[in-house]
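**Student:** This is the content of entry04.txt (compact mmCIF, C-alpha atoms and all ligand atoms):
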```txt
# COMPACT_ATOMS: atom_id res chain seq x y z
CA MET R 1 58.14 68.48 74.03
CA ALA R 2 59.07 72.14 74.40
CA VAL R 3 60.02 71.48 78.01
CA VAL R 4 62.30 68.58 77.05
CA LEU R 5 63.94 70.74 74.38
CA SER R 6 64.61 73.60 76.75
CA VAL R 7 66.15 71.19 79.27
CA SER R 8 68.45 69.72 76.64
CA LEU R 9 69.47 73.25 75.53
CA ALA R 10 70.17 74.19 79.10
CA CYS R 11 72.38 71.11 79.49
CA GLY R 12 74.21 72.01 76.28
CA SER R 13 74.95 75.54 77.41
CA SER R 14 76.07 74.33 80.80
CA ASP R 15 78.57 71.97 79.12
CA GLN R 16 79.90 74.86 77.10
CA GLU R 17 80.34 76.92 80.24
CA GLN R 18 82.17 73.99 81.77
CA ASP R 19 84.50 73.88 78.75
CA LEU R 20 85.19 77.58 79.07
CA ALA R 21 85.89 77.21 82.78
CA ASN R 22 88.42 74.45 82.00
CA THR R 23 90.32 76.56 79.48
CA PRO R 24 93.70 77.28 81.07
CA LYS R 25 93.85 80.89 82.28
CA LYS R 26 96.86 83.13 82.38
CA GLN R 27 98.71 82.82 85.68
CA PRO R 28 97.98 85.72 88.04
CA MET R 29 100.75 88.32 88.07
CA SER R 30 103.08 88.02 91.05
CA VAL R 31 103.24 91.12 93.28
CA VAL R 32 105.37 91.47 96.42
CA THR R 33 104.66 94.16 99.03
CA THR R 34 106.53 95.05 102.20
CA THR R 35 103.49 95.11 104.53
CA ALA R 36 100.19 93.22 104.77
CA LEU R 37 98.39 96.55 104.58
CA LEU R 38 99.89 97.29 101.15
CA ALA R 39 99.13 93.70 100.09
CA ASP R 40 95.46 94.30 100.93
CA LEU R 41 95.37 97.50 98.85
CA VAL R 42 96.99 95.67 95.91
CA LYS R 43 94.43 92.83 96.16
CA ASN R 44 91.60 95.32 96.00
CA VAL R 45 92.89 96.86 92.78
CA GLY R 46 94.36 93.69 91.24
CA GLY R 47 91.59 91.24 92.13
CA ASP R 48 92.05 87.76 90.61
CA LEU R 49 94.63 89.07 88.18
CA VAL R 50 97.31 89.23 90.86
CA SER R 51 98.82 86.97 93.47
CA VAL R 52 100.19 89.08 96.33
CA THR R 53 102.77 88.27 99.00
CA ALA R 54 103.68 90.53 101.94
CA LEU R 55 107.26 90.26 103.23
CA VAL R 56 106.68 91.44 106.83
CA PRO R 57 104.90 88.56 108.60
CA PRO R 58 101.59 89.10 110.46
CA GLY R 59 102.14 90.67 113.87
CA ALA R 60 105.71 91.85 113.17
CA ASP R 61 106.92 95.46 113.32
CA VAL R 62 107.87 96.85 109.91
CA HIS R 63 110.29 99.42 111.37
CA SER R 64 112.66 96.80 112.75
CA PHE R 65 112.08 94.11 110.12
CA GLN R 66 115.11 92.42 108.51
CA SER R 67 114.58 90.63 105.23
CA THR R 68 115.50 86.97 104.71
CA PRO R 69 116.99 85.10 101.71
CA ALA R 70 113.47 83.81 100.94
CA ASP R 71 112.37 87.44 100.52
CA ASN R 72 115.08 87.96 97.89
CA VAL R 73 113.74 84.96 95.98
CA ALA R 74 110.15 86.26 96.17
CA ILE R 75 111.26 89.67 94.89
CA SER R 76 113.32 88.19 92.08
CA ARG R 77 110.18 86.42 90.81
CA ALA R 78 107.83 89.40 91.17
CA ALA R 79 106.52 91.43 88.26
CA MET R 80 105.81 94.29 90.64
CA VAL R 81 107.12 95.31 94.07
CA VAL R 82 105.25 97.77 96.29
CA SER R 83 106.75 99.56 99.27
CA ASN R 84 105.50 102.51 101.31
CA GLY R 85 108.56 104.79 101.20
CA GLY R 86 109.36 107.68 103.51
CA GLY R 87 111.67 105.52 105.64
CA LEU R 88 108.97 103.09 106.80
CA ASP R 89 110.24 100.04 104.93
CA GLN R 90 113.80 100.96 104.10
CA PHE R 91 114.89 97.34 104.46
CA LEU R 92 113.55 96.83 100.95
CA ASP R 93 115.94 99.25 99.22
CA GLN R 94 118.97 96.98 99.35
CA VAL R 95 116.99 93.84 98.57
CA ILE R 96 115.48 95.51 95.54
CA GLN R 97 118.86 96.50 94.18
CA ARG R 98 120.10 92.94 94.60
CA SER R 99 117.07 90.94 93.59
CA THR R 100 114.77 92.59 91.08
CA SER R 101 114.96 91.43 87.50
CA ASP R 102 114.84 93.78 84.51
CA GLY R 103 111.37 95.08 83.93
CA THR R 104 110.14 94.67 87.51
CA VAL R 105 107.92 97.63 88.37
CA HIS R 106 108.67 99.17 91.78
CA ILE R 107 106.01 101.41 93.29
CA LEU R 108 106.52 103.69 96.28
CA ALA R 109 102.88 103.91 97.38
CA ALA R 110 103.38 107.12 99.37
CA LYS R 111 105.56 108.86 96.79
CA ALA R 112 103.05 111.58 95.91
CA LEU R 113 102.56 112.34 99.62
CA LEU R 114 106.17 112.57 100.78
CA GLU R 115 106.39 116.23 99.81
CA LEU R 116 103.50 116.99 102.18
CA ASP R 117 105.24 115.45 105.19
CA ASP R 118 108.68 113.88 105.39
CA GLU R 119 108.40 113.04 109.11
CA ASP R 120 105.51 110.60 109.43
CA PRO R 121 105.25 107.92 106.72
CA HIS R 122 101.98 106.40 108.10
CA PHE R 123 99.91 108.29 105.52
CA TRP R 124 97.26 105.55 105.24
CA GLN R 125 95.90 106.62 108.62
CA ASN R 126 94.03 109.23 106.56
CA PRO R 127 91.70 107.41 104.08
CA VAL R 128 91.98 110.34 101.65
CA PHE R 129 95.71 109.61 101.48
CA ALA R 130 94.96 105.89 101.09
CA VAL R 131 93.24 106.83 97.82
CA ARG R 132 96.59 108.26 96.66
CA TYR R 133 98.20 104.92 97.55
CA VAL R 134 95.73 102.96 95.43
CA GLU R 135 96.18 105.41 92.55
CA SER R 136 99.92 104.63 92.57
CA ILE R 137 99.17 100.92 92.82
CA ARG R 138 96.70 101.09 89.91
CA ASP R 139 99.28 102.92 87.76
CA GLY R 140 101.91 100.33 88.67
CA LEU R 141 99.64 97.41 87.81
CA ILE R 142 98.78 98.99 84.47
CA ALA R 143 102.49 99.59 83.74
CA ALA R 144 103.33 95.96 84.59
CA ASP R 145 100.29 94.43 82.85
CA PRO R 146 98.80 96.87 80.32
CA THR R 147 96.46 94.32 78.71
CA ASN R 148 94.29 94.30 81.84
CA ALA R 149 94.28 98.08 82.31
CA ASP R 150 90.47 98.32 82.10
CA ASP R 151 89.96 95.78 84.89
CA TYR R 152 92.43 97.58 87.16
CA GLN R 153 90.66 100.87 86.52
CA VAL R 154 87.21 99.38 87.31
CA ASN R 155 88.49 97.76 90.54
CA PHE R 156 90.20 101.00 91.51
CA THR R 157 87.02 103.03 91.08
CA GLU R 158 84.98 100.58 93.18
CA TYR R 159 87.55 100.53 95.97
CA LYS R 160 87.95 104.30 95.90
CA ASP R 161 84.20 104.59 96.56
CA ARG R 162 84.61 102.29 99.57
CA LEU R 163 87.45 104.48 100.88
CA THR R 164 85.32 107.59 100.51
CA LYS R 165 82.60 105.89 102.55
CA LEU R 166 85.23 104.80 105.10
CA ASP R 167 86.31 108.43 105.57
CA PHE R 168 82.70 109.41 106.24
CA ASP R 169 82.13 106.49 108.64
CA ILE R 170 85.27 107.24 110.65
CA ALA R 171 84.31 110.91 110.94
CA SER R 172 80.82 110.10 112.19
CA THR R 173 82.13 107.56 114.72
CA LEU R 174 84.85 109.86 116.07
CA ASN R 175 82.43 112.79 116.27
CA THR R 176 80.50 110.93 118.97
CA VAL R 177 83.40 111.73 121.33
CA ASP R 178 83.21 114.99 123.28
CA PRO R 179 85.59 117.54 121.64
CA THR R 180 87.53 117.96 124.92
CA ARG R 181 88.36 114.23 124.89
CA ARG R 182 89.47 113.92 121.26
CA HIS R 183 92.98 112.96 122.26
CA LEU R 184 94.69 109.71 121.31
CA ILE R 185 97.51 108.68 123.61
CA THR R 186 99.51 105.76 122.27
CA PHE R 187 102.89 104.08 121.99
CA HIS R 188 104.42 105.09 118.64
CA ASP R 189 103.78 108.19 116.61
CA ALA R 190 101.81 106.62 113.76
CA PHE R 191 98.50 108.46 114.01
CA GLY R 192 99.38 112.05 113.09
CA HIS R 193 97.57 111.83 109.75
CA LEU R 194 94.45 110.37 111.40
CA ALA R 195 94.53 113.12 114.00
CA LYS R 196 94.90 115.90 111.41
CA ARG R 197 92.10 114.55 109.25
CA TYR R 198 89.54 114.33 112.07
CA GLY R 199 90.68 117.19 114.30
CA TRP R 200 92.17 115.11 117.11
CA GLN R 201 95.24 115.59 119.26
CA VAL R 202 97.78 112.79 119.46
CA THR R 203 100.51 112.05 121.99
CA SER R 204 102.92 109.13 121.72
CA LEU R 205 105.74 107.67 123.75
CA VAL R 206 108.16 107.16 120.86
CA GLY R 207 108.74 108.66 117.40
CA SER R 208 107.20 107.57 114.12
CA ASP R 209 110.10 105.21 113.40
CA ALA R 210 109.33 103.41 116.70
CA SER R 211 113.04 103.16 117.51
CA GLN R 212 113.63 105.10 120.71
CA VAL R 213 111.92 104.06 123.90
CA SER R 214 112.42 106.09 127.04
CA PRO R 215 110.24 106.28 130.14
CA GLY R 216 110.56 110.11 130.32
CA PRO R 217 107.35 110.95 128.47
CA VAL R 218 105.27 108.71 130.75
CA VAL R 219 105.11 111.39 133.44
CA GLU R 220 104.09 113.96 130.85
CA ILE R 221 101.42 111.63 129.52
CA LEU R 222 100.00 111.01 132.97
CA GLU R 223 99.66 114.76 133.42
CA LYS R 224 97.76 115.12 130.16
CA VAL R 225 95.47 112.23 131.01
CA ARG R 226 94.60 113.82 134.35
CA GLU R 227 94.28 117.37 133.04
CA GLN R 228 91.93 116.39 130.23
CA GLY R 229 89.95 113.80 132.18
CA LEU R 230 90.76 111.19 129.53
CA THR R 231 89.42 107.71 130.16
CA ALA R 232 91.78 105.61 128.05
CA VAL R 233 95.15 105.25 126.38
CA PHE R 234 95.78 102.92 123.44
CA ALA R 235 98.34 100.16 122.79
CA GLU R 236 99.42 98.66 119.48
CA PRO R 237 99.68 94.85 119.32
CA GLN R 238 103.14 94.73 117.68
CA PHE R 239 104.86 96.63 120.49
CA ASN R 240 105.60 95.76 124.07
CA SER R 241 103.11 97.94 125.93
CA ASP R 242 104.60 97.67 129.46
CA LEU R 243 105.35 101.40 129.74
CA LEU R 244 101.93 102.37 128.52
CA GLU R 245 100.22 99.80 130.74
CA LYS R 246 102.08 101.17 133.73
CA ALA R 247 100.98 104.69 132.82
CA ALA R 248 97.38 103.55 132.39
CA GLU R 249 97.43 101.77 135.73
CA GLU R 250 98.84 104.78 137.58
CA ALA R 251 96.34 107.13 135.97
CA GLU R 252 93.54 104.62 136.57
CA VAL R 253 92.38 104.62 132.97
CA GLU R 254 91.51 101.89 130.50
CA ILE R 255 94.01 100.59 127.95
CA GLY R 256 92.43 99.90 124.57
CA PRO R 257 93.64 98.36 121.30
CA ILE R 258 94.62 100.34 118.21
CA TYR R 259 96.31 99.26 114.97
CA SER R 260 98.89 101.28 113.04
CA ASP R 261 100.93 99.13 110.68
CA VAL R 262 99.86 95.62 111.53
CA GLN R 263 96.86 93.45 110.84
CA ASP R 264 95.91 90.21 112.55
CA GLY R 265 92.93 87.91 113.13
CA GLU R 266 90.98 90.79 114.65
CA VAL R 267 91.34 93.14 111.67
CA ALA R 268 91.91 91.34 108.39
CA ASN R 269 92.12 94.29 106.03
CA TYR R 270 92.73 98.03 105.82
CA ILE R 271 89.09 99.14 105.93
CA ASP R 272 88.31 96.84 108.89
CA MET R 273 91.40 98.14 110.68
CA MET R 274 90.40 101.78 110.29
CA LEU R 275 86.81 101.12 111.40
CA PHE R 276 88.05 99.06 114.35
CA ASN R 277 90.33 101.91 115.46
CA ALA R 278 87.57 104.52 115.21
CA LYS R 279 85.18 102.33 117.22
CA SER R 280 87.85 101.53 119.80
CA LEU R 281 88.60 105.24 120.31
CA ALA R 282 84.94 106.22 120.47
CA ARG R 283 83.94 103.42 122.82
CA LEU R 284 86.67 104.02 125.39
CA LEU R 285 86.84 107.81 125.28
CA ARG R 286 83.08 108.29 125.52
CA LEU R 287 83.14 106.71 128.99
CA SER R 288 82.75 109.04 131.96
CA ALA R 289 85.91 109.84 133.86
CA LYS R 290 86.19 108.06 137.19
CA ASN R 291 86.30 111.19 139.32
ZN ZN C 301 104.93 102.68 112.31
```
Just give me the structure as structure tokens.

**Tutor:**
Amino acid sequence: MAVVLSVSLACGSSDQEQDLANTPKKQPMSVVTTTALLADLVKNVGGDLVSVTALVPPGADVHSFQSTPADNVAISRAAMVVSNGGGLDQFLDQVIQRSTSDGTVHILAAKALLELDDEDPHFWQNPVFAVRYVESIRDGLIAADPTNADDYQVNFTEYKDRLTKLDFDIASTLNTVDPTRRHLITFHDAFGHLAKRYGWQVTSLVGSDASQVSPGPVVEILEKVREQGLTAVFAEPQFNSDLLEKAAEEAEVEIGPIYSDVQDGEVANYIDMMLFNAKSLARLLRLSAKN
């Protein structure tokens, strides 16, 4: 008899849970970001409370991106808009002036960091700086949706712990490379903050805005590769890597993948991207030089 009773109670409570699950929930808050990377950071702090759209499509270069009329519509419907700042996603400035409605919260994720460096806006390449990004995002979410402030704070704290672990994991992976080979040679100057954080040198073919391409530096790069006995240079998927490939071929070194601004099927989120980069650098630069 007791068994039967407990079964019927269990059924009753399950029905109640079902009823609760069917209660209509508040729609998630609409957030628009410029890049997929920022969208990932927002998802980690906003969780189920937000629905996030990135304007720059997967695989595209943010520096040369031009917004479309559909982007204006997305922004006009957003409760919060997140951009990087520092000249990375300037395309947004005009769209924002045209399309945001009153009360839309606009967050410049890198705002607190711009006084440290006004040259290189790729601050997220240092996970300690990424924590500053998610702090700005948390504050923006709380400003746009104060009733859920506690949830945003809890999510923020959990994600911050993951970023602290990420910093540690990157350092231990990169430290497996001989100090004389801690030199990242790549296409565009997006890795200065990574290099500073972990004591690496970085050389790139074009500036941090990725706008000017000239073959001049290739010769210089080849010299560095030879002098330092480097075993690899690194190409970013969103840029044509012909120049770099040519340099790698002439210097007889490997060409490996590295991600700066873009995510794709290989790296689906910020943390995966950073770990992928560290492993890619360590794997290819630990190799013995050919001569
Ligand atoms: Zn960039």

**Student:** Just want the 6 Å neighbourhood of Leu49 (chain R), counted on only C-alpha atoms, with same-chain residues fewer than 2 positions away dropped. Output as a list in words.

**Tutor:**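 Counting only the stated atoms, we get Pro28, Gly46 and Gly47 of chain R.
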
**Student:** Counting all atoms listed in the file, which residues come within 9 Å of (98.7, 104.3, 96.9), with the point read in the file's coordinates, and could you list them as an MDAnalysis selection string?

**Tutor:** chainID R and resid 38 41:42 84 107:112 124 129:138

**Student:** Out of R:Ser204, R:Ser51, R:Thr147, R:Gln94, which residue has the shortest atom-to-atom distance to Asp71 (chain R) when counting all atoms listed in the file?

**Tutor:**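 Smallest distance to Asp71 (chain R) is found for R:Gln94.
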
**Student:** Work out where the centre of an axis-aligned box around every listed atom of region 132-147 of chain R lies and how long its edges are once 6 Å is added on each side; give both in Å to one decimal as lines of an AutoDock Vina configuration file.

**Tutor:**
```
center_x = 99.5
center_y = 101.3
center_z = 88.1
size_x = 19.6
size_y = 25.9
size_z = 30.8
```

**Student:** Separation of CA of Thr33 (chain R) and CA of Ser280 (chain R), in Å?

**Tutor:**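 Separation between CA of Thr33 (chain R) and CA of Ser280 (chain R): 27.7 Å.
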
**Student:** CA of Asn277 (chain R) to CA of Asn126 (chain R): how many Å, to one decimal?

**Tutor:**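 Value for the CA of Asn277 (chain R)-CA of Asn126 (chain R) distance: 12.1 Å.
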
**Student:** Determine the nearest neighbour of ligand ZN 301 (chain C) from the options R:Phe187, R:Phe234, R:Phe276, R:Trp200, counting all atoms listed in the file.

**Tutor:**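 Using all atoms listed in the file, the shortest distance to ligand ZN 301 (chain C) belongs to R:Phe187.
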
**Student:** Find, counting all atoms listed in the file, the residue in R:Gly229, R:Gly192, R:Pro217, R:Pro127 that gets nearest to ligand ZN 301 (chain C).

**Tutor:** R:Gly192

**Student:** Quick one: everything within 8 Å of Ala190 (chain R), counting all atoms listed in the file, minus sequence neighbours fewer than 3 positions away in the same chain. Send it as a ChimeraX atom specification.

**Tutor:** /R:120-122,125,193,208,260

**Student:** Closest to Ala36 (chain R) among R:Arg77, R:Asp48, R:Leu287, R:Met273, using only C-alpha atoms?

**Tutor:** R:Met273

**Student:** For ligand ZN 301 (chain C), which residue among R:Ser76, R:Thr68, R:Ser101, R:Thr35 is the nearest when counting only C-alpha atoms and all ligand atoms?

**Tutor:**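 The shortest atom-to-atom distance to ligand ZN 301 (chain C) comes from R:Thr35.
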
**Student:** Which residue out of R:Leu174, R:Leu37, R:Ala144, R:Leu184 has the minimum interatomic distance to ligand ZN 301 (chain C) when only C-alpha atoms and all ligand atoms are used?

**Tutor:** R:Leu37

**Student:** Can you tell me, as a VMD selection string, which residues sit within 7 Å of (95.9, 105.6, 128.3) in the file's frame, using all atoms listed in the file?

**Tutor:** chain R and resid 185 232 to 234 244 247 to 248 253 to 255
